[in-house]
>>> print(open('start.txt').read())   # compact mmCIF, C-alpha atoms and all ligand atoms
# COMPACT_ATOMS: atom_id res chain seq x y z
CA MET A 1 5.84 -23.26 -22.98
CA GLY A 2 3.29 -23.49 -20.11
CA MET A 3 3.12 -20.98 -17.26
CA ILE A 4 5.16 -23.12 -14.84
CA GLU A 5 7.85 -24.04 -17.39
CA GLU A 6 8.14 -20.39 -18.38
CA LYS A 7 8.49 -19.27 -14.76
CA LYS A 8 10.98 -22.09 -14.04
CA GLU A 9 13.19 -20.78 -16.86
CA LEU A 10 12.89 -17.28 -15.46
CA LEU A 11 13.73 -18.42 -11.93
CA LYS A 12 17.00 -19.96 -13.17
CA HIS A 13 18.30 -16.40 -13.26
CA PHE A 14 17.90 -16.03 -9.47
CA ARG A 15 20.00 -17.52 -6.66
CA LEU A 16 17.32 -19.87 -5.33
CA GLU A 17 18.03 -22.91 -3.17
CA GLY A 18 16.46 -26.15 -4.40
CA GLU A 19 14.51 -27.09 -7.52
CA VAL A 20 11.31 -25.24 -8.31
CA ILE A 21 8.22 -27.43 -7.84
CA SER A 22 5.30 -25.04 -8.36
CA VAL A 23 4.51 -21.41 -9.22
CA LYS A 24 1.03 -20.05 -8.46
CA PRO A 25 -0.61 -16.58 -8.52
CA HIS A 26 -0.68 -15.16 -5.00
CA GLY A 27 -2.23 -12.37 -2.89
CA SER A 28 -4.68 -9.59 -3.70
CA GLY A 29 -2.40 -6.64 -4.52
CA HIS A 30 -3.64 -4.22 -7.18
CA ILE A 31 -0.31 -3.26 -8.76
CA ASN A 32 2.31 -5.98 -9.30
CA HIS A 33 1.83 -9.57 -10.48
CA THR A 34 2.71 -11.81 -7.55
CA PHE A 35 3.44 -15.58 -7.55
CA LEU A 36 4.24 -18.06 -4.80
CA VAL A 37 7.13 -20.37 -5.66
CA THR A 38 7.64 -23.69 -3.87
CA THR A 39 10.85 -25.71 -4.13
CA ASP A 40 12.19 -29.02 -2.82
CA GLY A 41 14.61 -27.03 -0.65
CA GLU A 42 14.20 -25.29 2.70
CA TRP A 43 12.74 -22.03 1.34
CA LYS A 44 9.74 -20.86 -0.60
CA TYR A 45 9.79 -17.61 -2.54
CA ILE A 46 7.68 -14.74 -3.83
CA LEU A 47 8.19 -13.93 -7.51
CA GLN A 48 6.91 -10.58 -8.71
CA LYS A 49 6.56 -8.94 -12.07
CA ILE A 50 7.11 -5.29 -11.26
CA ASN A 51 4.53 -2.93 -12.74
CA THR A 52 6.84 -0.76 -14.83
CA ASP A 53 3.91 1.28 -16.19
CA ILE A 54 3.65 2.65 -12.65
CA PHE A 55 7.23 2.42 -11.38
CA HIS A 56 9.35 4.00 -14.06
CA ASN A 57 12.80 3.42 -12.59
CA THR A 58 13.37 -0.13 -11.32
CA ASP A 59 16.97 0.61 -10.28
CA ASP A 60 15.77 3.36 -7.95
CA LEU A 61 12.85 1.25 -6.72
CA MET A 62 15.04 -1.72 -5.83
CA GLU A 63 17.77 0.47 -4.34
CA ASN A 64 15.22 1.90 -1.90
CA ILE A 65 14.01 -1.57 -0.92
CA VAL A 66 17.47 -3.10 -0.58
CA ASN A 67 18.76 -0.18 1.51
CA VAL A 68 15.72 0.13 3.76
CA THR A 69 15.55 -3.62 4.42
CA ALA A 70 19.31 -3.68 5.17
CA TYR A 71 18.79 -0.87 7.69
CA LEU A 72 15.85 -2.66 9.29
CA ARG A 73 17.74 -5.99 9.31
CA GLU A 74 20.49 -4.52 11.51
CA ARG A 75 17.95 -3.20 13.99
CA ILE A 76 16.06 -6.50 14.07
CA ILE A 77 19.30 -8.39 14.75
CA GLN A 78 20.25 -5.93 17.50
CA ALA A 79 16.85 -6.50 19.11
CA GLY A 80 17.36 -10.29 18.97
CA GLY A 81 14.68 -10.81 16.28
CA ASP A 82 14.62 -13.03 13.18
CA PRO A 83 15.55 -10.85 10.17
CA LYS A 84 14.36 -13.42 7.62
CA ARG A 85 10.88 -13.22 9.12
CA GLU A 86 10.62 -9.63 10.28
CA THR A 87 11.74 -7.90 7.12
CA MET A 88 11.82 -8.69 3.41
CA THR A 89 14.84 -10.47 1.93
CA VAL A 90 15.59 -9.67 -1.71
CA ILE A 91 17.07 -12.67 -3.58
CA PRO A 92 19.71 -11.51 -6.08
CA THR A 93 20.01 -12.71 -9.66
CA THR A 94 22.85 -15.05 -10.62
CA ASP A 95 24.80 -12.02 -11.84
CA GLY A 96 24.32 -10.19 -8.54
CA ARG A 97 21.54 -7.78 -9.50
CA TYR A 98 18.29 -7.15 -7.66
CA TYR A 99 15.95 -7.74 -10.58
CA TYR A 100 15.97 -9.54 -13.90
CA ILE A 101 14.82 -8.26 -17.29
CA ASP A 102 13.34 -11.00 -19.50
CA VAL A 103 13.39 -11.13 -23.33
CA ASP A 104 10.08 -9.24 -23.47
CA GLY A 105 11.44 -6.43 -21.32
CA ASN A 106 9.48 -7.41 -18.17
CA HIS A 107 11.17 -6.68 -14.82
CA TRP A 108 11.10 -9.48 -12.22
CA ARG A 109 12.22 -9.72 -8.59
CA VAL A 110 12.25 -12.44 -5.97
CA TYR A 111 11.80 -12.28 -2.18
CA LEU A 112 11.99 -14.99 0.44
CA LEU A 113 8.48 -16.10 1.32
CA ILE A 114 7.56 -15.39 4.91
CA GLU A 115 5.60 -18.41 6.10
CA ASN A 116 2.98 -19.26 8.68
CA ILE A 117 1.36 -15.87 8.29
CA VAL A 118 -1.97 -14.40 7.26
CA SER A 119 -2.45 -11.35 5.05
CA LEU A 120 -5.99 -10.03 5.50
CA ASP A 121 -8.35 -8.00 3.31
CA GLN A 122 -10.51 -7.19 6.33
CA ALA A 123 -9.76 -6.83 10.03
CA GLU A 124 -11.18 -9.75 12.01
CA ASN A 125 -11.02 -8.17 15.45
CA ALA A 126 -9.81 -5.10 17.31
CA GLU A 127 -6.81 -6.80 18.96
CA GLU A 128 -5.40 -7.84 15.62
CA PHE A 129 -5.95 -4.38 14.15
CA TYR A 130 -4.30 -2.86 17.24
CA ALA A 131 -1.30 -5.13 16.51
CA SER A 132 -1.04 -3.83 12.96
CA GLY A 133 -1.26 -0.20 14.18
CA LEU A 134 1.52 -0.92 16.63
CA ALA A 135 3.67 -2.42 13.85
CA PHE A 136 3.13 0.45 11.40
CA GLY A 137 3.83 2.95 14.19
CA ARG A 138 7.04 1.12 15.12
CA PHE A 139 8.02 0.93 11.47
CA GLN A 140 7.81 4.69 11.22
CA ALA A 141 9.73 5.13 14.47
CA GLN A 142 12.43 2.69 13.30
CA LEU A 143 12.93 4.70 10.12
CA ALA A 144 12.87 8.09 11.84
CA ASP A 145 16.66 8.46 11.60
CA TYR A 146 17.02 6.88 8.17
CA PRO A 147 18.86 9.24 5.77
CA ALA A 148 15.85 10.60 3.87
CA GLU A 149 18.01 12.24 1.18
CA THR A 150 19.12 8.78 -0.03
CA LEU A 151 15.54 7.69 -0.79
CA HIS A 152 14.32 7.92 -4.38
CA GLU A 153 10.82 9.23 -5.00
CA THR A 154 9.42 6.17 -6.79
CA ILE A 155 6.09 7.84 -7.68
CA PRO A 156 6.28 11.64 -7.60
CA ASP A 157 3.36 13.37 -5.82
CA PHE A 158 2.01 10.00 -4.72
CA HIS A 159 -0.08 11.42 -1.88
CA ASN A 160 -0.39 14.96 -3.18
CA THR A 161 -4.19 15.05 -2.89
CA PRO A 162 -4.63 18.41 -4.69
CA LYS A 163 -2.72 16.99 -7.68
CA ARG A 164 -4.86 13.85 -7.58
CA TYR A 165 -7.87 16.17 -7.69
CA GLN A 166 -6.50 18.01 -10.74
CA ALA A 167 -5.91 14.69 -12.53
CA PHE A 168 -9.49 13.70 -11.72
CA GLU A 169 -10.92 16.96 -13.17
CA LYS A 170 -8.84 16.41 -16.32
CA ALA A 171 -10.21 12.86 -16.64
CA VAL A 172 -13.78 14.18 -16.24
CA GLU A 173 -13.17 16.78 -18.91
CA GLU A 174 -11.56 14.35 -21.36
CA ASP A 175 -14.09 11.60 -20.59
CA VAL A 176 -12.37 9.19 -22.98
CA CYS A 177 -14.75 6.30 -22.20
CA HIS A 178 -17.95 8.42 -22.09
CA ARG A 179 -18.57 7.39 -18.51
CA ALA A 180 -18.72 10.81 -16.80
CA GLU A 181 -22.47 11.30 -17.17
CA SER A 182 -23.20 8.02 -15.43
CA VAL A 183 -21.10 9.01 -12.39
CA ALA A 184 -22.40 12.59 -12.01
CA GLU A 185 -23.35 11.91 -8.39
CA GLU A 186 -19.84 10.72 -7.46
CA ILE A 187 -18.26 13.66 -9.30
CA ALA A 188 -20.50 16.10 -7.42
CA PHE A 189 -19.69 14.46 -4.06
CA ILE A 190 -15.98 14.92 -4.69
CA ARG A 191 -16.32 18.51 -5.95
CA GLU A 192 -18.30 19.50 -2.84
CA ARG A 193 -15.24 18.61 -0.76
CA LYS A 194 -12.67 20.35 -2.94
CA GLU A 195 -11.68 22.90 -0.29
CA GLU A 196 -10.79 20.23 2.27
CA ILE A 197 -8.37 18.22 0.21
CA SER A 198 -5.49 20.66 0.53
CA ILE A 199 -5.63 21.24 4.31
CA LEU A 200 -2.89 18.73 5.14
CA THR A 201 -0.59 19.61 2.24
CA ASP A 202 -0.99 23.30 3.14
CA LEU A 203 0.01 22.59 6.75
CA LEU A 204 3.08 20.81 5.39
CA LYS A 205 3.95 23.80 3.17
CA LYS A 206 3.61 26.16 6.14
CA GLY A 207 5.95 23.97 8.18
CA GLU A 208 3.24 23.10 10.70
CA LEU A 209 3.51 19.39 9.93
CA PRO A 210 6.85 17.59 9.48
CA LEU A 211 7.84 15.30 6.62
CA ARG A 212 8.58 11.77 7.87
CA ILE A 213 9.71 8.63 6.16
CA THR A 214 6.44 6.89 5.53
CA HIS A 215 5.30 3.61 3.99
CA ASN A 216 2.52 5.24 1.95
CA ASP A 217 0.51 2.04 1.37
CA THR A 218 -0.48 0.87 4.83
CA LYS A 219 -3.44 -1.28 3.97
CA LEU A 220 -3.95 -4.38 6.07
CA ASN A 221 -2.86 -6.89 3.40
CA ASN A 222 0.55 -5.18 3.30
CA ILE A 223 1.29 -6.42 6.81
CA LEU A 224 1.83 -10.09 7.55
CA LEU A 225 0.39 -11.40 10.83
CA ASP A 226 1.49 -14.58 12.59
CA ALA A 227 -1.01 -17.32 11.69
CA ASP A 228 -1.13 -18.62 15.27
CA THR A 229 -0.89 -15.52 17.46
CA HIS A 230 -2.04 -12.85 14.95
CA GLU A 231 0.82 -10.63 16.17
CA ALA A 232 2.36 -8.49 13.42
CA VAL A 233 5.39 -10.18 11.83
CA CYS A 234 6.49 -8.14 8.82
CA ILE A 235 5.52 -5.10 6.80
CA VAL A 236 5.68 -5.76 3.05
CA ASP A 237 5.09 -3.81 -0.19
CA LEU A 238 7.92 -1.34 0.29
CA ASP A 239 7.58 0.11 -3.23
CA THR A 240 6.34 3.48 -2.06
CA ILE A 241 8.55 4.19 0.96
CA MET A 242 9.16 7.91 0.56
CA PRO A 243 9.04 11.08 2.62
CA GLY A 244 5.41 11.78 3.48
CA LEU A 245 2.91 12.81 6.12
CA CYS A 246 2.26 10.61 9.11
CA ALA A 247 -1.46 11.35 8.83
CA TYR A 248 -1.58 9.61 5.46
CA ASP A 249 -0.01 6.39 6.77
CA PHE A 250 -2.43 6.39 9.68
CA GLY A 251 -5.34 7.31 7.45
CA ASP A 252 -4.75 4.71 4.75
CA ALA A 253 -4.75 1.90 7.29
CA ILE A 254 -8.07 3.18 8.69
CA ARG A 255 -9.55 3.60 5.21
CA PHE A 256 -8.96 -0.05 4.42
CA GLY A 257 -9.03 -1.86 7.75
CA ALA A 258 -11.67 0.01 9.78
CA ASN A 259 -14.21 -0.16 6.97
CA THR A 260 -16.93 -2.70 7.82
CA ALA A 261 -17.09 -3.63 4.11
CA THR A 262 -14.38 -4.73 1.69
CA GLU A 263 -12.87 -2.14 -0.63
CA ASP A 264 -14.88 -3.32 -3.67
CA GLU A 265 -18.18 -4.18 -1.98
CA PRO A 266 -20.97 -3.41 -4.48
CA ASP A 267 -23.55 -2.81 -1.71
CA THR A 268 -22.51 0.49 -0.10
CA SER A 269 -25.07 0.08 2.69
CA LYS A 270 -22.52 -2.32 4.21
CA VAL A 271 -19.89 0.44 4.39
CA SER A 272 -19.23 2.18 7.69
CA LEU A 273 -16.36 3.25 9.88
CA SER A 274 -16.00 0.91 12.84
CA LEU A 275 -15.14 3.22 15.71
CA GLU A 276 -13.98 0.23 17.72
CA LEU A 277 -11.44 -0.69 15.05
CA TYR A 278 -10.50 2.96 14.54
CA LYS A 279 -9.72 3.46 18.23
CA ALA A 280 -7.83 0.17 18.46
CA TYR A 281 -5.62 1.07 15.50
CA ALA A 282 -5.03 4.58 16.85
CA ARG A 283 -3.97 3.16 20.22
CA GLY A 284 -1.50 0.81 18.53
CA PHE A 285 -0.16 3.40 16.08
CA LEU A 286 0.44 6.08 18.75
CA GLU A 287 2.08 3.54 21.03
CA GLY A 288 4.30 2.33 18.17
CA CYS A 289 5.34 5.83 17.07
CA GLY A 290 6.29 6.60 20.68
CA VAL A 291 6.91 10.19 21.67
CA ARG A 292 8.04 11.24 18.23
CA LEU A 293 4.76 12.69 16.95
CA THR A 294 4.03 16.39 17.44
CA ALA A 295 0.73 17.56 18.96
CA LYS A 296 -0.29 18.86 15.53
CA GLU A 297 0.43 15.50 13.93
CA ILE A 298 -1.75 13.70 16.48
CA GLU A 299 -4.50 16.28 16.08
CA THR A 300 -4.53 15.81 12.29
CA LEU A 301 -4.62 11.98 12.25
CA PRO A 302 -8.45 11.84 11.87
CA LEU A 303 -8.18 14.29 8.96
CA GLY A 304 -5.60 11.94 7.46
CA ALA A 305 -8.23 9.18 7.46
CA LYS A 306 -10.79 11.42 5.78
CA THR A 307 -8.39 12.96 3.24
CA ILE A 308 -6.87 9.71 2.07
CA THR A 309 -10.27 8.01 1.80
CA LEU A 310 -11.40 10.86 -0.43
CA GLU A 311 -8.09 10.70 -2.32
CA GLN A 312 -8.57 6.98 -2.90
CA GLY A 313 -12.14 7.57 -4.08
CA ILE A 314 -10.78 10.18 -6.49
CA ARG A 315 -8.07 7.79 -7.73
CA PHE A 316 -10.49 4.89 -8.31
CA LEU A 317 -12.95 7.17 -10.12
CA THR A 318 -10.16 8.66 -12.26
CA ASP A 319 -9.11 5.15 -13.27
CA TYR A 320 -12.72 4.22 -14.05
CA LEU A 321 -13.09 7.33 -16.23
CA GLN A 322 -9.84 6.54 -18.01
CA GLY A 323 -10.83 2.94 -18.81
CA ASP A 324 -9.38 0.95 -15.85
CA THR A 325 -5.73 1.09 -16.80
CA TYR A 326 -4.03 1.58 -13.40
CA TYR A 327 -5.46 -0.87 -10.84
CA HIS A 328 -5.87 -4.57 -11.58
CA THR A 329 -9.56 -5.36 -12.05
CA GLU A 330 -11.30 -8.72 -12.30
CA ARG A 331 -14.73 -7.52 -13.33
CA GLU A 332 -16.55 -4.70 -15.09
CA GLY A 333 -17.34 -1.78 -12.78
CA GLN A 334 -14.95 -2.87 -10.01
CA ASN A 335 -13.15 0.48 -9.88
CA LEU A 336 -16.51 2.26 -9.70
CA ASP A 337 -17.57 0.01 -6.81
CA ARG A 338 -14.24 0.75 -5.13
CA CYS A 339 -14.82 4.47 -5.62
CA ARG A 340 -18.32 4.23 -4.16
CA THR A 341 -17.15 2.41 -1.02
CA GLN A 342 -14.58 5.14 -0.46
CA LEU A 343 -17.12 7.95 -0.85
CA ALA A 344 -19.61 6.13 1.41
CA LEU A 345 -16.84 5.83 3.99
CA VAL A 346 -16.07 9.57 3.73
CA ALA A 347 -19.77 10.26 4.39
CA ASP A 348 -19.70 8.01 7.46
CA ILE A 349 -16.48 9.63 8.70
CA GLU A 350 -18.30 12.99 8.48
CA ARG A 351 -21.16 11.60 10.57
CA LYS A 352 -18.75 10.22 13.19
CA TRP A 353 -16.31 13.13 13.07
CA GLU A 354 -16.74 14.27 16.68
CA GLN A 355 -16.12 10.75 17.98
CA MET A 356 -12.91 10.41 15.98
CA ARG A 357 -10.92 13.00 17.90
CA LEU A 358 -7.74 11.57 19.43
P1 LIG A 401 1.14 -5.20 -4.79
O1 LIG A 401 2.04 -4.02 -4.95
O2 LIG A 401 0.54 -5.67 -6.04
O3 LIG A 401 0.14 -4.93 -3.71
P2 LIG A 401 2.62 -6.73 -2.80
O4 LIG A 401 4.08 -6.52 -2.76
O5 LIG A 401 1.82 -6.07 -1.76
O6 LIG A 401 2.07 -6.38 -4.28
O7 LIG A 401 2.36 -8.31 -2.74
C1 LIG A 401 1.05 -8.84 -2.85
C2 LIG A 401 0.75 -9.71 -1.64
O8 LIG A 401 1.66 -10.80 -1.59
C3 LIG A 401 0.88 -9.00 -0.29
O9 LIG A 401 -0.31 -8.32 0.06
C4 LIG A 401 1.19 -10.17 0.65
O10 LIG A 401 -0.02 -10.82 1.04
C5 LIG A 401 1.97 -11.15 -0.25
N1 LIG A 401 3.43 -11.02 -0.04
C6 LIG A 401 4.25 -10.12 -0.60
N2 LIG A 401 5.54 -10.33 -0.23
C7 LIG A 401 5.54 -11.40 0.60
C8 LIG A 401 6.55 -12.13 1.32
N3 LIG A 401 7.85 -11.81 1.23
N4 LIG A 401 6.17 -13.19 2.08
C9 LIG A 401 4.86 -13.54 2.16
N5 LIG A 401 3.88 -12.90 1.50
C10 LIG A 401 4.18 -11.84 0.73
C1 LIG A 402 -2.52 -0.08 -4.42
O1 LIG A 402 -0.26 -2.25 -4.36
P1 LIG A 402 -1.40 -2.29 -3.42
O2 LIG A 402 -2.54 -3.10 -3.90
O3 LIG A 402 -0.92 -2.66 -2.04
C2 LIG A 402 -1.97 1.34 -4.54
C3 LIG A 402 -2.28 2.10 -3.25
C4 LIG A 402 -3.78 2.13 -3.03
C5 LIG A 402 -4.31 0.70 -2.99
C6 LIG A 402 -5.81 0.68 -2.91
C7 LIG A 402 1.49 1.92 -5.91
O4 LIG A 402 -1.90 -0.74 -3.34
O5 LIG A 402 -1.81 3.43 -3.37
O6 LIG A 402 -4.08 2.77 -1.82
O7 LIG A 402 -3.93 -0.02 -4.19
N1 LIG A 402 -0.52 1.30 -4.77
C8 LIG A 402 0.04 2.07 -5.72
O8 LIG A 402 -6.23 -0.57 -2.49
O9 LIG A 402 -0.61 2.86 -6.42
MG MG A 403 0.31 -4.59 -1.70
>>> encode(input="start.txt", output="structure tokens", more="lines below")
Ligand code: ADP
Ligand code: GN1
Ligand code: MG
Amino acid sequence: MGMIEEKKELLKHFRLEGEVISVKPHGSGHINHTFLVTTDGEWKYILQKINTDIFHNTDDLMENIVNVTAYLRERIIQAGGDPKRETMTVIPTTDGRYYYIDVDGNHWRVYLLIENIVSLDQAENAEEFYASGLAFGRFQAQLADYPAETLHETIPDFHNTPKRYQAFEKAVEEDVCHRAESVAEEIAFIRERKEEISILTDLLKKGELPLRITHNDTKLNNILLDADTHEAVCIVDLDTIMPGLCAYDFGDAIRFGANTATEDEPDTSKVSLSLELYKAYARGFLEGCGVRLTAKEIETLPLGAKTITLEQGIRFLTDYLQGDTYYHTEREGQNLDRCRTQLALVADIERKWEQMRL
């Protein structure tokens, strides 16, 4: 059976409207396998194969998404918005479940496709990046009163940077692919910053920073912008909604969107922090969060950008050392290039540190 026929069979298990016409790979996410499904009916859909190597409990994962989107849907309706466009809609299976397990044991889910949008791998201008900061800030404010105890931790210690560091040291020691020697410079760069990586988690432990409900994967392609106005429409990729630090949500968006190079740019001389984009995002994010952030949270936002960029460099290098098993890669050395852009960005953040104060 060809790819389309196979997917058509699979899609018969979901409550779609119309006959499926085409199924094509979609987007540039690193974790799930995403497809765009067109039909002869009114709606198009997103079909995803959930990465169960990374998300170990699909029931918990989908329960989080269904509950959070239901909560957001009510607020969007109250505000007079369009819930089918402003939040994700999970399409149930024909037997009323939120995902389907195929004969090979793969887990699949379907969302309504949100149309007339763009999903960017690089910010095109400050106004647009401001709009995404505003949307991520509002998202956090909207979820401020969500019952945190009902959320499942889909990936334990997801942004526990000291634990990420430990995993990295273990990968260096094991060196299963014999790659450590060739990345001695990157390893040294990370080790030199070892003391800094626990500052934020220590402040959390001491109760000086609060736990919030955070998105935890705030990169620019996880927000859909209106194709005509470039206003933010919908935040997607809700797999890692969990309690977390506000500084990490802020920081991850900066890491990805305020970098003048793409995440996997092989030429690190193109990497730098755009202060214009940084300031625009910060303005939007603070406005969106409203008065809810504490003075300490605001003060530590720049450190969030630095810490998560280092964390991401650590994670890409760990994956490279372990043989590229976590992130999707399309070419040899891509995780190493990704690591190098992150470390180059950390170096530029250090140079611009004084100008990053908020
Ligand atoms: P991954 O976890 O692999 O990053 P995502 O859930 O982020 O997967 O999906 C990959 C991409 O697909 C997103 O970056 C976005 O561009 C697009 N996408 C996901 N869901 C939708 C949707 N409901 N409507 C339109 N585009 C979507
Ligand atoms: C992954 O799924 P995606 O591509 O939006 C990763 C993030 C990283 C990001 C780096 C579950 O995000 O944590 O920051 O790649 N998601 C997971 O680009 O590990
Ligand atoms: Mg994504």
>>> residues_near_ligand(input="start.txt", ligand="ligand LIG 402 (chain A)", cutoff="10 Å", atoms="only C-alpha atoms and all ligand atoms", output="PyMOL selection string")
chain A and resi 27-33+51+54-55+121+154-155+158-159+216-223+236-240+252-253+255-256+263-264+308-309+311-313+315-316+326-328+338
>>> write_last_selection(input="start.txt", atoms="C-alpha atoms", output="tab-separated table (two decimals), in the coordinates of the input")
chain	number	residue	atom	x	y	z
A	27	GLY	CA	-2.23	-12.37	-2.89
A	28	SER	CA	-4.68	-9.59	-3.70
A	29	GLY	CA	-2.40	-6.64	-4.52
A	30	HIS	CA	-3.64	-4.22	-7.18
A	31	ILE	CA	-0.31	-3.26	-8.76
A	32	ASN	CA	2.31	-5.98	-9.30
A	33	HIS	CA	1.83	-9.57	-10.48
A	51	ASN	CA	4.53	-2.93	-12.74
A	54	ILE	CA	3.65	2.65	-12.65
A	55	PHE	CA	7.23	2.42	-11.38
A	121	ASP	CA	-8.35	-8.00	3.31
A	154	THR	CA	9.42	6.17	-6.79
A	155	ILE	CA	6.09	7.84	-7.68
A	158	PHE	CA	2.01	10.00	-4.72
A	159	HIS	CA	-0.08	11.42	-1.88
A	216	ASN	CA	2.52	5.24	1.95
A	217	ASP	CA	0.51	2.04	1.37
A	218	THR	CA	-0.48	0.87	4.83
A	219	LYS	CA	-3.44	-1.28	3.97
A	220	LEU	CA	-3.95	-4.38	6.07
A	221	ASN	CA	-2.86	-6.89	3.40
A	222	ASN	CA	0.55	-5.18	3.30
A	223	ILE	CA	1.29	-6.42	6.81
A	236	VAL	CA	5.68	-5.76	3.05
A	237	ASP	CA	5.09	-3.81	-0.19
A	238	LEU	CA	7.92	-1.34	0.29
A	239	ASP	CA	7.58	0.11	-3.23
A	240	THR	CA	6.34	3.48	-2.06
A	252	ASP	CA	-4.75	4.71	4.75
A	253	ALA	CA	-4.75	1.90	7.29
A	255	ARG	CA	-9.55	3.60	5.21
A	256	PHE	CA	-8.96	-0.05	4.42
A	263	GLU	CA	-12.87	-2.14	-0.63
A	264	ASP	CA	-14.88	-3.32	-3.67
A	308	ILE	CA	-6.87	9.71	2.07
A	309	THR	CA	-10.27	8.01	1.80
A	311	GLU	CA	-8.09	10.70	-2.32
A	312	GLN	CA	-8.57	6.98	-2.90
A	313	GLY	CA	-12.14	7.57	-4.08
A	315	ARG	CA	-8.07	7.79	-7.73
A	316	PHE	CA	-10.49	4.89	-8.31
A	326	TYR	CA	-4.03	1.58	-13.40
A	327	TYR	CA	-5.46	-0.87	-10.84
A	328	HIS	CA	-5.87	-4.57	-11.58
A	338	ARG	CA	-14.24	0.75	-5.13
>>> atom_distance(input="start.txt", atom1="atom CA of Leu112 of chain A", atom2="atom CA of Thr89 of chain A")
5.5 Å
>>> residues_around(input="start.txt", residues="Leu286 of chain A", least_positions_apart="6", cutoff="10 Å", atoms="only C-alpha atoms", output="list in words")
Gly133, Leu134, Phe136, Gly137, Arg138, Phe250, Arg292, Leu293, Ile298 and Leu358 of chain A
>>> residues_around(input="start.txt", residues="Pro302 of chain A", least_positions_apart="6", cutoff="8 Å", atoms="only C-alpha atoms", output="list of chain:residue names")
A:Ala247, A:Gly251, A:Met356, A:Arg357, A:Leu358
>>> residues_around(input="start.txt", residues="Ala180 of chain A", least_positions_apart="4", cutoff="12 Å", atoms="only C-alpha atoms", output="list in words")
Phe168, Glu169, Lys170, Ala171, Val172, Glu173, Glu174, Asp175, Val176, Ala184, Glu185, Glu186, Ile187, Ala188, Leu317, Thr318, Asp319, Tyr320, Leu321, Gln322, Gly323 and Leu336 of chain A
>>> closest_residue(input="start.txt", among="A:Lys44, A:Lys12, A:Arg283, A:His26", to="ligand MG 403 (chain A)", atoms="only C-alpha atoms and all ligand atoms")
A:His26
>>> closest_residue(input="start.txt", among="A:Arg75, A:Lys194, A:His107, A:Arg97", to="Thr52 of chain A", atoms="all atoms listed in the file")
A:His107
>>> closest_residue(input="start.txt", among="A:Ala227, A:Leu277, A:Ala344, A:Leu303", to="Asn116 of chain A", atoms="all atoms listed in the file")
A:Ala227
>>> closest_residue(input="start.txt", among="A:Leu224, A:Ala232, A:Leu200, A:Leu143", to="ligand MG 403 (chain A)", atoms="all atoms listed in the file")
A:Leu224
>>> build_atoms(input="start.txt", residues="segment 267-278 of chain A", atoms="N, CA and C atoms", output="PDB file, in the frame of the given file")
ATOM      1  N   ASP A 267     -22.427  -3.328  -2.502  1.00  0.00           N
ATOM      2  CA  ASP A 267     -23.550  -2.810  -1.710  1.00  0.00           C
ATOM      3  C   ASP A 267     -23.014  -1.806  -0.671  1.00  0.00           C
ATOM      4  N   THR A 268     -23.142  -0.522  -0.995  1.00  0.00           N
ATOM      5  CA  THR A 268     -22.510   0.490  -0.100  1.00  0.00           C
ATOM      6  C   THR A 268     -23.238   0.622   1.238  1.00  0.00           C
ATOM      7  N   SER A 269     -24.419  -0.002   1.376  1.00  0.00           N
ATOM      8  CA  SER A 269     -25.070   0.080   2.690  1.00  0.00           C
ATOM      9  C   SER A 269     -24.274  -0.713   3.738  1.00  0.00           C
ATOM     10  N   LYS A 270     -23.360  -1.552   3.258  1.00  0.00           N
ATOM     11  CA  LYS A 270     -22.520  -2.320   4.210  1.00  0.00           C
ATOM     12  C   LYS A 270     -21.311  -1.520   4.691  1.00  0.00           C
ATOM     13  N   VAL A 271     -21.096  -0.355   4.064  1.00  0.00           N
ATOM     14  CA  VAL A 271     -19.890   0.440   4.390  1.00  0.00           C
ATOM     15  C   VAL A 271     -20.139   1.292   5.633  1.00  0.00           C
ATOM     16  N   SER A 272     -19.213   1.218   6.580  1.00  0.00           N
ATOM     17  CA  SER A 272     -19.230   2.180   7.690  1.00  0.00           C
ATOM     18  C   SER A 272     -17.862   2.167   8.356  1.00  0.00           C
ATOM     19  N   LEU A 273     -17.614   3.218   9.130  1.00  0.00           N
ATOM     20  CA  LEU A 273     -16.360   3.250   9.880  1.00  0.00           C
ATOM     21  C   LEU A 273     -16.615   2.574  11.222  1.00  0.00           C
ATOM     22  N   SER A 274     -15.863   1.524  11.523  1.00  0.00           N
ATOM     23  CA  SER A 274     -16.000   0.910  12.840  1.00  0.00           C
ATOM     24  C   SER A 274     -15.174   1.735  13.826  1.00  0.00           C
ATOM     25  N   LEU A 275     -15.880   2.389  14.743  1.00  0.00           N
ATOM     26  CA  LEU A 275     -15.140   3.220  15.710  1.00  0.00           C
ATOM     27  C   LEU A 275     -14.292   2.353  16.634  1.00  0.00           C
ATOM     28  N   GLU A 276     -14.760   1.131  16.868  1.00  0.00           N
ATOM     29  CA  GLU A 276     -13.980   0.230  17.720  1.00  0.00           C
ATOM     30  C   GLU A 276     -12.637  -0.087  17.063  1.00  0.00           C
ATOM     31  N   LEU A 277     -12.688  -0.390  15.761  1.00  0.00           N
ATOM     32  CA  LEU A 277     -11.440  -0.690  15.050  1.00  0.00           C
ATOM     33  C   LEU A 277     -10.570   0.567  14.924  1.00  0.00           C
ATOM     34  N   TYR A 278     -11.218   1.684  14.665  1.00  0.00           N
ATOM     35  CA  TYR A 278     -10.500   2.960  14.540  1.00  0.00           C
ATOM     36  C   TYR A 278      -9.704   3.254  15.819  1.00  0.00           C
TER      37      TYR A 278
END
